[in-house]
Amino acid sequence: MKHLTKIAAAVLAISVIQLPCATEAVAQEENTEKALELSQASDRLIAYLQGEGDIENVFSADFLAAVPPDQFKTTTRQLIAQFGPVVGMRSITPRDSTTATVEIEFEKAIGNAMMSVETDAPYLINGLQLVGFDSKDDSYNKVKTDFEALPGKAGFLVARISDTGMEEVASRNMDAQFGIGSTFKLYVLAELAAQVQDGKREWSDVVTVDQKSFPSGITQNWPDSAPVTLQTLATLMISISDNTATDVLIRTLGRDNIARRLKAIGHDDPDRTLPFLTTVEAFGLKQDDQEKLRRQFLEASEIEQAKILEDAKDSLIVENINIEQLAGTTPMFIEEIEWFASPNDSAKLMDYLRKQNDPTALAIMGVNGGLPEINAAQWDYIGFKGGSEPGVVSLNYLLRAKDGDWYAVTGSWNNPAAAVETQTFATLMARLTSLAAK
């Protein structure tokens, strides 16, 4: 077979020379068949990724219903643009009769994935999940070059963090202020954890879900005044970026308290992001029919802005938001109405959350381990929060290495002229985490 792996070949050799009993012979025959089926599926996958064959002969109907061909092709093009052409299947490690961990070799990287196949011939692939990339011969300078090629502006920081301070490992535009989208929700989590530590609140405290926001999230669909714990709200806020949960927490904790926490943690330009907007306020201020209010807000001082928000609280509500405007792909006031931070600010925030050492907060950050491009096996702990909207993407990792060292890997990309490619940026950030792990 063209792409028969070393593992499959090893299984074949064992079945020929070691037959001590009938039971073992049957087991070895089954293992051989298992390896061959998975290898056949991988042959078709690699051929397709190299431009040969039809996608319907590689993936099952169920897979293509969940991941339409155009979506798969777009993702594949982005990966090839980032990592070069597909060279072949480096290895297959069977887990059972229908699943295996595989290493797909690109020109510049190794893609780690989980693959599953159907139980009957022709053993079409019904599951393929990328779980990380390891770049070949990569370097921080190469990543910097790729950051420089991004339209708009972009920056990152890789820092080793400890109780003695933060040590820069690699960076680009680390002090530039970027719109960070939902990354700001980490400041809300930090304030909640601080209030719990100060004895002002408990994670188990119950509040009600009122004054809904626009999704992402699920709580906007919950019944009015539904009771929920602070821990549940925080988990939804960080793991699935639930906007209604976020706004409930901001109102519960107090926007002024969160603002003071932001300053105490260390922010190079707090006036840029204060007063601390709720998500529904940010969405409302960007609406076409709020041009007058938006102009007043942008021309006002921070104190005046806080009063404007208070006076407009009955109009800046989800019922007045035009969903179609928010669902577009055109960046909307991302340099004016946003939450802002530099990669250095975000790294300081990650370090603050580490030093708080609140097991609940750290567990919440670990629910969503980031986008699948990162190689999770390289790390002992992964805390993550990202944010995105048209023209904005921000990805931020708090990482504990196998040797116990901690790292912050933070980055943002803004382009007021056009939407940014989250997949491209996620891959760049994954390369940084992989380099940090080494």
# chains A, B, ... in the order shown; residues from 1 in each chain; ligands from 1

call {"tool": "residues_around", "arguments": {"residues": "stretch 132-136 of chain A", "least_positions_apart": "6", "cutoff": "12 Å", "atoms": "only C-alpha atoms", "output": "PyMOL selection string"}}
result
chain A and resi 79+82-84+101-114+142-143+369-379+426-438

call {"tool": "residues_around", "arguments": {"residues": "stretch 200-214 of chain A", "least_positions_apart": "3", "cutoff": "6 Å", "atoms": "only C-alpha atoms", "output": "JSON, numbers by chain"}}
result
{"A": [195, 196, 220, 224, 225, 226, 227, 228, 229, 230, 231, 243, 244, 280, 318]}

call {"tool": "write_last_selection", "arguments": {"atoms": "N, CA, C and O atoms", "output": "JSON list (two decimals), in the first residue's frame"}}
result
[["chain", "number", "residue", "atom", "x", "y", "z"],
["A", 195, "GLN", "N", -13.48, 38.99, 44.97],
["A", 195, "GLN", "CA", -14.56, 39.20, 45.93],
["A", 195, "GLN", "C", -14.84, 37.93, 46.74],
["A", 195, "GLN", "O", -15.19, 38.00, 47.91],
["A", 196, "VAL", "N", -14.68, 36.77, 46.11],
["A", 196, "VAL", "CA", -14.83, 35.51, 46.84],
["A", 196, "VAL", "C", -13.71, 35.38, 47.87],
["A", 196, "VAL", "O", -13.96, 35.02, 49.04],
["A", 220, "GLN", "N", -29.42, 33.83, 27.31],
["A", 220, "GLN", "CA", -30.39, 34.78, 26.77],
["A", 220, "GLN", "C", -31.74, 34.11, 26.48],
["A", 220, "GLN", "O", -32.76, 34.78, 26.38],
["A", 224, "ASP", "N", -37.02, 34.56, 32.23],
["A", 224, "ASP", "CA", -36.68, 35.76, 32.99],
["A", 224, "ASP", "C", -36.58, 35.44, 34.47],
["A", 224, "ASP", "O", -37.37, 34.66, 35.02],
["A", 225, "SER", "N", -35.58, 36.04, 35.11],
["A", 225, "SER", "CA", -35.34, 35.88, 36.55],
["A", 225, "SER", "C", -35.00, 34.46, 36.94],
["A", 225, "SER", "O", -35.19, 34.05, 38.09],
["A", 226, "ALA", "N", -34.45, 33.68, 36.01],
["A", 226, "ALA", "CA", -34.02, 32.33, 36.34],
["A", 226, "ALA", "C", -32.88, 32.39, 37.36],
["A", 226, "ALA", "O", -31.92, 33.14, 37.19],
["A", 227, "PRO", "N", -32.96, 31.61, 38.46],
["A", 227, "PRO", "CA", -31.90, 31.63, 39.47],
["A", 227, "PRO", "C", -30.70, 30.81, 39.00],
["A", 227, "PRO", "O", -30.84, 29.74, 38.40],
["A", 228, "VAL", "N", -29.50, 31.31, 39.30],
["A", 228, "VAL", "CA", -28.28, 30.63, 38.86],
["A", 228, "VAL", "C", -27.14, 31.06, 39.77],
["A", 228, "VAL", "O", -27.12, 32.18, 40.29],
["A", 229, "THR", "N", -26.18, 30.16, 40.00],
["A", 229, "THR", "CA", -25.04, 30.50, 40.87],
["A", 229, "THR", "C", -24.02, 31.34, 40.12],
["A", 229, "THR", "O", -23.93, 31.32, 38.88],
["A", 230, "LEU", "N", -23.21, 32.06, 40.88],
["A", 230, "LEU", "CA", -22.13, 32.85, 40.29],
["A", 230, "LEU", "C", -21.13, 31.96, 39.57],
["A", 230, "LEU", "O", -20.59, 32.33, 38.52],
["A", 231, "GLN", "N", -20.87, 30.78, 40.13],
["A", 231, "GLN", "CA", -19.93, 29.87, 39.48],
["A", 231, "GLN", "C", -20.44, 29.42, 38.11],
["A", 231, "GLN", "O", -19.67, 29.33, 37.15],
["A", 243, "ASN", "N", -22.74, 36.04, 26.73],
["A", 243, "ASN", "CA", -22.81, 37.48, 26.93],
["A", 243, "ASN", "C", -23.81, 37.87, 28.02],
["A", 243, "ASN", "O", -23.56, 38.81, 28.78],
["A", 244, "THR", "N", -24.95, 37.20, 28.08],
["A", 244, "THR", "CA", -25.92, 37.52, 29.12],
["A", 244, "THR", "C", -25.34, 37.20, 30.50],
["A", 244, "THR", "O", -25.47, 37.98, 31.44],
["A", 280, "VAL", "N", -24.20, 44.29, 26.07],
["A", 280, "VAL", "CA", -25.38, 44.88, 25.43],
["A", 280, "VAL", "C", -25.18, 46.37, 25.19],
["A", 280, "VAL", "O", -25.68, 46.92, 24.19],
["A", 318, "VAL", "N", -31.38, 44.72, 24.75],
["A", 318, "VAL", "CA", -31.33, 43.75, 23.66],
["A", 318, "VAL", "C", -32.53, 43.89, 22.72],
["A", 318, "VAL", "O", -32.41, 43.64, 21.51]]

call {"tool": "residues_around", "arguments": {"residues": "A:Val67", "least_positions_apart": "5", "cutoff": "12 Å", "atoms": "only C-alpha atoms", "output": "VMD selection string"}}
result
chain A and resid 55 59 to 62 72 to 75 126 to 129

call {"tool": "write_last_selection", "arguments": {"atoms": "N, CA and C atoms", "output": "PDB file, in the first residue's frame"}}
result
ATOM      1  N   ILE A  55     -14.275  13.918  -2.369  1.00  0.00           N
ATOM      2  CA  ILE A  55     -14.469  13.963  -0.927  1.00  0.00           C
ATOM      3  C   ILE A  55     -15.485  12.936  -0.456  1.00  0.00           C
ATOM      4  N   PHE A  59     -14.990  10.669   3.118  1.00  0.00           N
ATOM      5  CA  PHE A  59     -15.746  10.909   4.342  1.00  0.00           C
ATOM      6  C   PHE A  59     -17.166  10.366   4.223  1.00  0.00           C
ATOM      7  N   SER A  60     -17.709   9.965   5.360  1.00  0.00           N
ATOM      8  CA  SER A  60     -19.067   9.434   5.398  1.00  0.00           C
ATOM      9  C   SER A  60     -20.084  10.546   5.194  1.00  0.00           C
ATOM     10  N   ALA A  61     -21.310  10.153   4.864  1.00  0.00           N
ATOM     11  CA  ALA A  61     -22.384  11.124   4.677  1.00  0.00           C
ATOM     12  C   ALA A  61     -22.651  11.897   5.963  1.00  0.00           C
ATOM     13  N   ASP A  62     -22.571  11.228   7.111  1.00  0.00           N
ATOM     14  CA  ASP A  62     -22.797  11.898   8.391  1.00  0.00           C
ATOM     15  C   ASP A  62     -21.731  12.966   8.646  1.00  0.00           C
ATOM     16  N   PHE A  72     -14.932  22.223   4.739  1.00  0.00           N
ATOM     17  CA  PHE A  72     -13.714  21.423   4.883  1.00  0.00           C
ATOM     18  C   PHE A  72     -12.636  21.920   3.928  1.00  0.00           C
ATOM     19  N   LYS A  73     -13.034  22.252   2.690  1.00  0.00           N
ATOM     20  CA  LYS A  73     -12.060  22.729   1.707  1.00  0.00           C
ATOM     21  C   LYS A  73     -11.467  24.070   2.124  1.00  0.00           C
ATOM     22  N   THR A  74     -12.300  24.944   2.678  1.00  0.00           N
ATOM     23  CA  THR A  74     -11.789  26.240   3.124  1.00  0.00           C
ATOM     24  C   THR A  74     -10.766  26.064   4.239  1.00  0.00           C
ATOM     25  N   THR A  75     -11.097  25.221   5.226  1.00  0.00           N
ATOM     26  CA  THR A  75     -10.165  24.961   6.323  1.00  0.00           C
ATOM     27  C   THR A  75      -8.869  24.351   5.803  1.00  0.00           C
ATOM     28  N   ASN A 126     -15.580   8.889   9.508  1.00  0.00           N
ATOM     29  CA  ASN A 126     -16.750   9.561  10.086  1.00  0.00           C
ATOM     30  C   ASN A 126     -16.385  10.512  11.221  1.00  0.00           C
ATOM     31  N   GLY A 127     -15.089  10.651  11.482  1.00  0.00           N
ATOM     32  CA  GLY A 127     -14.628  11.602  12.486  1.00  0.00           C
ATOM     33  C   GLY A 127     -13.182  11.980  12.243  1.00  0.00           C
ATOM     34  N   LEU A 128     -12.886  13.279  12.249  1.00  0.00           N
ATOM     35  CA  LEU A 128     -11.506  13.752  12.100  1.00  0.00           C
ATOM     36  C   LEU A 128     -11.384  15.044  12.888  1.00  0.00           C
ATOM     37  N   GLN A 129     -10.625  14.988  13.977  1.00  0.00           N
ATOM     38  CA  GLN A 129     -10.481  16.149  14.850  1.00  0.00           C
ATOM     39  C   GLN A 129      -9.014  16.484  15.038  1.00  0.00           C
TER      40      GLN A 129
END

call {"tool": "closest_residue", "arguments": {"among": "A:Asp351, A:Asp268, A:Glu310, A:Asp242", "to": "A:Trp406", "atoms": "only C-alpha atoms"}}
result
A:Asp351

call {"tool": "closest_residue", "arguments": {"among": "A:Phe333, A:Tyr381, A:Phe283, A:Tyr140", "to": "A:Arg295", "atoms": "only C-alpha atoms"}}
result
A:Phe333

call {"tool": "atom_distance", "arguments": {"atom1": "atom CA of A:Ser315", "atom2": "atom CA of A:Val248"}}
result
17.3 Å

call {"tool": "residues_around", "arguments": {"residues": "A:Tyr352", "least_positions_apart": "2", "cutoff": "10 Å", "atoms": "only C-alpha atoms", "output": "list of chain:residue names"}}
result
A:Tyr187, A:Ala190, A:Ala264, A:Ile265, A:Gly266, A:Ser346, A:Ala347, A:Lys348, A:Leu349, A:Met350, A:Arg354, A:Lys355, A:Gln356, A:Asn357

call {"tool": "write_last_selection", "arguments": {"atoms": "all heavy atoms", "output": "mmCIF file, in the first residue's frame"}}
result
data_model
loop_
_atom_site.group_PDB
_atom_site.id
_atom_site.type_symbol
_atom_site.label_atom_id
_atom_site.label_comp_id
_atom_site.auth_asym_id
_atom_site.auth_seq_id
_atom_site.Cartn_x
_atom_site.Cartn_y
_atom_site.Cartn_z
ATOM 1 N N TYR A 187 -11.236 39.909 33.050
ATOM 2 C CA TYR A 187 -11.226 40.909 34.115
ATOM 3 C C TYR A 187 -12.428 40.715 35.034
ATOM 4 O O TYR A 187 -12.331 40.915 36.257
ATOM 5 C CB TYR A 187 -11.242 42.321 33.522
ATOM 6 C CG TYR A 187 -9.924 42.758 32.933
ATOM 7 C CD1 TYR A 187 -9.762 42.888 31.562
ATOM 8 C CD2 TYR A 187 -8.836 43.047 33.753
ATOM 9 C CE1 TYR A 187 -8.550 43.294 31.015
ATOM 10 C CE2 TYR A 187 -7.615 43.466 33.227
ATOM 11 C CZ TYR A 187 -7.481 43.581 31.849
ATOM 12 O OH TYR A 187 -6.274 43.976 31.314
ATOM 13 N N ALA A 190 -11.585 37.806 37.223
ATOM 14 C CA ALA A 190 -10.611 38.190 38.241
ATOM 15 C C ALA A 190 -11.282 38.928 39.393
ATOM 16 O O ALA A 190 -10.961 38.689 40.570
ATOM 17 C CB ALA A 190 -9.517 39.063 37.610
ATOM 18 N N ALA A 264 -5.577 47.855 39.079
ATOM 19 C CA ALA A 264 -4.691 47.231 40.057
ATOM 20 C C ALA A 264 -3.853 46.121 39.444
ATOM 21 O O ALA A 264 -2.680 45.936 39.804
ATOM 22 C CB ALA A 264 -5.523 46.675 41.224
ATOM 23 N N ILE A 265 -4.429 45.376 38.523
ATOM 24 C CA ILE A 265 -3.687 44.306 37.845
ATOM 25 C C ILE A 265 -2.568 44.897 37.009
ATOM 26 O O ILE A 265 -1.465 44.339 36.923
ATOM 27 C CB ILE A 265 -4.644 43.476 36.967
ATOM 28 C CG1 ILE A 265 -5.594 42.663 37.859
ATOM 29 C CG2 ILE A 265 -3.874 42.551 36.025
ATOM 30 C CD1 ILE A 265 -6.720 41.998 37.106
ATOM 31 N N GLY A 266 -2.838 46.048 36.402
ATOM 32 C CA GLY A 266 -1.853 46.702 35.569
ATOM 33 C C GLY A 266 -2.314 46.764 34.125
ATOM 34 O O GLY A 266 -2.339 45.739 33.439
ATOM 35 N N SER A 346 -2.650 41.712 28.715
ATOM 36 C CA SER A 346 -3.308 40.404 28.822
ATOM 37 C C SER A 346 -2.429 39.402 29.565
ATOM 38 O O SER A 346 -2.927 38.567 30.324
ATOM 39 C CB SER A 346 -3.660 39.873 27.431
ATOM 40 O OG SER A 346 -4.613 40.715 26.801
ATOM 41 N N ALA A 347 -1.123 39.478 29.353
ATOM 42 C CA ALA A 347 -0.210 38.584 30.069
ATOM 43 C C ALA A 347 -0.217 38.892 31.566
ATOM 44 O O ALA A 347 -0.198 37.981 32.406
ATOM 45 C CB ALA A 347 1.201 38.713 29.505
ATOM 46 N N LYS A 348 -0.270 40.180 31.914
ATOM 47 C CA LYS A 348 -0.357 40.551 33.330
ATOM 48 C C LYS A 348 -1.663 40.055 33.953
ATOM 49 O O LYS A 348 -1.691 39.632 35.112
ATOM 50 C CB LYS A 348 -0.223 42.068 33.481
ATOM 51 C CG LYS A 348 1.192 42.589 33.263
ATOM 52 C CD LYS A 348 1.309 44.072 33.540
ATOM 53 C CE LYS A 348 0.749 44.910 32.419
ATOM 54 N NZ LYS A 348 1.034 46.354 32.594
ATOM 55 N N LEU A 349 -2.724 40.085 33.173
ATOM 56 C CA LEU A 349 -4.008 39.567 33.648
ATOM 57 C C LEU A 349 -3.923 38.064 33.884
ATOM 58 O O LEU A 349 -4.408 37.554 34.910
ATOM 59 C CB LEU A 349 -5.092 39.891 32.623
ATOM 60 C CG LEU A 349 -6.488 39.303 32.848
ATOM 61 C CD1 LEU A 349 -7.038 39.682 34.216
ATOM 62 C CD2 LEU A 349 -7.423 39.772 31.729
ATOM 63 N N MET A 350 -3.298 37.341 32.958
ATOM 64 C CA MET A 350 -3.119 35.897 33.139
ATOM 65 C C MET A 350 -2.281 35.608 34.384
ATOM 66 O O MET A 350 -2.595 34.694 35.163
ATOM 67 C CB MET A 350 -2.450 35.294 31.901
ATOM 68 C CG MET A 350 -3.344 35.211 30.675
ATOM 69 S SD MET A 350 -4.737 34.091 30.951
ATOM 70 C CE MET A 350 -5.340 33.883 29.293
ATOM 71 N N ARG A 354 -3.231 33.572 37.810
ATOM 72 C CA ARG A 354 -2.370 32.489 38.318
ATOM 73 C C ARG A 354 -2.042 32.723 39.785
ATOM 74 O O ARG A 354 -2.140 31.812 40.616
ATOM 75 C CB ARG A 354 -1.081 32.416 37.491
ATOM 76 C CG ARG A 354 -0.076 31.369 37.992
ATOM 77 C CD ARG A 354 1.298 31.568 37.357
ATOM 78 N NE ARG A 354 1.948 32.783 37.827
ATOM 79 C CZ ARG A 354 2.674 32.886 38.946
ATOM 80 N NH1 ARG A 354 2.805 31.828 39.736
ATOM 81 N NH2 ARG A 354 3.241 34.029 39.275
ATOM 82 N N LYS A 355 -1.651 33.951 40.126
ATOM 83 C CA LYS A 355 -1.241 34.247 41.488
ATOM 84 C C LYS A 355 -2.413 34.228 42.466
ATOM 85 O O LYS A 355 -2.219 33.946 43.647
ATOM 86 C CB LYS A 355 -0.533 35.607 41.534
ATOM 87 C CG LYS A 355 0.861 35.572 40.907
ATOM 88 C CD LYS A 355 1.624 36.864 41.098
ATOM 89 C CE LYS A 355 1.027 37.988 40.304
ATOM 90 N NZ LYS A 355 1.880 39.213 40.312
ATOM 91 N N GLN A 356 -3.621 34.510 41.975
ATOM 92 C CA GLN A 356 -4.786 34.366 42.849
ATOM 93 C C GLN A 356 -4.905 32.926 43.342
ATOM 94 O O GLN A 356 -5.368 32.677 44.456
ATOM 95 C CB GLN A 356 -6.065 34.759 42.101
ATOM 96 C CG GLN A 356 -6.367 36.244 42.110
ATOM 97 C CD GLN A 356 -7.721 36.531 41.487
ATOM 98 O OE1 GLN A 356 -8.005 36.135 40.369
ATOM 99 N NE2 GLN A 356 -8.575 37.220 42.222
ATOM 100 N N ASN A 357 -4.523 32.000 42.467
ATOM 101 C CA ASN A 357 -4.502 30.573 42.816
ATOM 102 C C ASN A 357 -5.852 30.096 43.354
ATOM 103 O O ASN A 357 -5.917 29.280 44.273
ATOM 104 C CB ASN A 357 -3.396 30.285 43.839
ATOM 105 C CG ASN A 357 -3.059 28.802 43.912
ATOM 106 O OD1 ASN A 357 -3.171 28.089 42.914
ATOM 107 N ND2 ASN A 357 -2.642 28.339 45.072
#

call {"tool": "select_by_dssp", "arguments": {"residues": "stretch 275-408 of chain A", "states": "strand (DSSP E or B)", "output": "MDAnalysis selection string"}}
result
chainID A and resid 340:341 379:389 392:401 406:408

call {"tool": "write_last_selection", "arguments": {"atoms": "N, CA and C atoms", "output": "PDB file, in the first residue's frame"}}
result
ATOM      1  N   PHE A 340     -10.199  47.194  25.296  1.00  0.00           N
ATOM      2  CA  PHE A 340      -8.841  47.264  24.747  1.00  0.00           C
ATOM      3  C   PHE A 340      -7.814  46.761  25.758  1.00  0.00           C
ATOM      4  N   ALA A 341      -6.779  46.146  25.220  1.00  0.00           N
ATOM      5  CA  ALA A 341      -5.636  45.727  26.037  1.00  0.00           C
ATOM      6  C   ALA A 341      -4.490  45.406  25.094  1.00  0.00           C
ATOM      7  N   TRP A 379       1.280  20.278  27.472  1.00  0.00           N
ATOM      8  CA  TRP A 379       1.117  21.093  28.667  1.00  0.00           C
ATOM      9  C   TRP A 379       0.420  20.325  29.782  1.00  0.00           C
ATOM     10  N   ASP A 380       0.738  20.710  31.017  1.00  0.00           N
ATOM     11  CA  ASP A 380       0.108  20.116  32.191  1.00  0.00           C
ATOM     12  C   ASP A 380      -1.205  20.817  32.523  1.00  0.00           C
ATOM     13  N   TYR A 381      -1.318  22.104  32.171  1.00  0.00           N
ATOM     14  CA  TYR A 381      -2.554  22.865  32.388  1.00  0.00           C
ATOM     15  C   TYR A 381      -2.679  23.891  31.274  1.00  0.00           C
ATOM     16  N   ILE A 382      -3.915  24.084  30.792  1.00  0.00           N
ATOM     17  CA  ILE A 382      -4.197  25.097  29.777  1.00  0.00           C
ATOM     18  C   ILE A 382      -5.415  25.892  30.227  1.00  0.00           C
ATOM     19  N   GLY A 383      -5.212  27.178  30.478  1.00  0.00           N
ATOM     20  CA  GLY A 383      -6.315  28.097  30.705  1.00  0.00           C
ATOM     21  C   GLY A 383      -6.436  28.990  29.483  1.00  0.00           C
ATOM     22  N   PHE A 384      -7.662  29.265  29.067  1.00  0.00           N
ATOM     23  CA  PHE A 384      -7.828  29.964  27.785  1.00  0.00           C
ATOM     24  C   PHE A 384      -9.016  30.904  27.827  1.00  0.00           C
ATOM     25  N   LYS A 385      -8.856  32.022  27.132  1.00  0.00           N
ATOM     26  CA  LYS A 385      -9.985  32.882  26.773  1.00  0.00           C
ATOM     27  C   LYS A 385      -9.644  33.626  25.504  1.00  0.00           C
ATOM     28  N   GLY A 386     -10.583  33.630  24.602  1.00  0.00           N
ATOM     29  CA  GLY A 386     -10.427  34.358  23.356  1.00  0.00           C
ATOM     30  C   GLY A 386     -11.580  35.307  23.152  1.00  0.00           C
ATOM     31  N   GLY A 387     -11.445  36.115  22.124  1.00  0.00           N
ATOM     32  CA  GLY A 387     -12.507  37.027  21.750  1.00  0.00           C
ATOM     33  C   GLY A 387     -12.429  37.320  20.270  1.00  0.00           C
ATOM     34  N   SER A 388     -13.582  37.515  19.649  1.00  0.00           N
ATOM     35  CA  SER A 388     -13.575  37.831  18.219  1.00  0.00           C
ATOM     36  C   SER A 388     -14.866  38.510  17.813  1.00  0.00           C
ATOM     37  N   GLU A 389     -14.765  39.308  16.806  1.00  0.00           N
ATOM     38  CA  GLU A 389     -15.879  39.901  16.071  1.00  0.00           C
ATOM     39  C   GLU A 389     -15.281  40.335  14.738  1.00  0.00           C
ATOM     40  N   VAL A 392     -11.667  41.696  14.500  1.00  0.00           N
ATOM     41  CA  VAL A 392     -10.997  41.523  15.798  1.00  0.00           C
ATOM     42  C   VAL A 392     -10.849  40.044  16.118  1.00  0.00           C
ATOM     43  N   VAL A 393      -9.654  39.656  16.546  1.00  0.00           N
ATOM     44  CA  VAL A 393      -9.476  38.344  17.159  1.00  0.00           C
ATOM     45  C   VAL A 393      -8.391  38.474  18.222  1.00  0.00           C
ATOM     46  N   SER A 394      -8.617  37.847  19.362  1.00  0.00           N
ATOM     47  CA  SER A 394      -7.666  37.857  20.473  1.00  0.00           C
ATOM     48  C   SER A 394      -7.678  36.475  21.101  1.00  0.00           C
ATOM     49  N   LEU A 395      -6.506  35.857  21.245  1.00  0.00           N
ATOM     50  CA  LEU A 395      -6.386  34.523  21.826  1.00  0.00           C
ATOM     51  C   LEU A 395      -5.327  34.570  22.917  1.00  0.00           C
ATOM     52  N   ASN A 396      -5.673  34.015  24.084  1.00  0.00           N
ATOM     53  CA  ASN A 396      -4.808  34.174  25.250  1.00  0.00           C
ATOM     54  C   ASN A 396      -4.772  32.896  26.072  1.00  0.00           C
ATOM     55  N   TYR A 397      -3.547  32.438  26.355  1.00  0.00           N
ATOM     56  CA  TYR A 397      -3.343  31.173  27.049  1.00  0.00           C
ATOM     57  C   TYR A 397      -2.547  31.383  28.330  1.00  0.00           C
ATOM     58  N   LEU A 398      -3.000  30.720  29.382  1.00  0.00           N
ATOM     59  CA  LEU A 398      -2.224  30.564  30.618  1.00  0.00           C
ATOM     60  C   LEU A 398      -1.819  29.096  30.671  1.00  0.00           C
ATOM     61  N   LEU A 399      -0.508  28.836  30.670  1.00  0.00           N
ATOM     62  CA  LEU A 399      -0.011  27.471  30.473  1.00  0.00           C
ATOM     63  C   LEU A 399       0.946  27.069  31.587  1.00  0.00           C
ATOM     64  N   ARG A 400       0.784  25.840  32.074  1.00  0.00           N
ATOM     65  CA  ARG A 400       1.756  25.272  33.011  1.00  0.00           C
ATOM     66  C   ARG A 400       2.453  24.121  32.315  1.00  0.00           C
ATOM     67  N   ALA A 401       3.771  24.218  32.228  1.00  0.00           N
ATOM     68  CA  ALA A 401       4.558  23.201  31.538  1.00  0.00           C
ATOM     69  C   ALA A 401       4.687  21.946  32.391  1.00  0.00           C
ATOM     70  N   TRP A 406       5.371  28.277  34.463  1.00  0.00           N
ATOM     71  CA  TRP A 406       4.165  28.892  33.926  1.00  0.00           C
ATOM     72  C   TRP A 406       4.505  29.839  32.786  1.00  0.00           C
ATOM     73  N   TYR A 407       3.600  29.906  31.801  1.00  0.00           N
ATOM     74  CA  TYR A 407       3.774  30.798  30.657  1.00  0.00           C
ATOM     75  C   TYR A 407       2.446  31.497  30.356  1.00  0.00           C
ATOM     76  N   ALA A 408       2.567  32.727  29.888  1.00  0.00           N
ATOM     77  CA  ALA A 408       1.442  33.429  29.285  1.00  0.00           C
ATOM     78  C   ALA A 408       1.760  33.612  27.815  1.00  0.00           C
TER      79      ALA A 408
END

call {"tool": "closest_residue", "arguments": {"among": "A:Asn320, A:Arg251, A:Thr232, A:Ala327", "to": "A:Pro215", "atoms": "only C-alpha atoms"}}
result
A:Ala327

call {"tool": "select_by_dssp", "arguments": {"residues": "stretch 198-425 of chain A", "states": "helix (DSSP H, G or I)", "output": "ChimeraX atom specification"}}
result
/A:219-221,230-239,243-253,255-265,270-272,279-285,288-299,302-311,318-320,323-326,343-356,359-365,376-378,422-425

call {"tool": "atom_distance", "arguments": {"atom1": "atom CA of A:Ala121", "atom2": "atom CA of A:Arg44"}}
result
13.2 Å
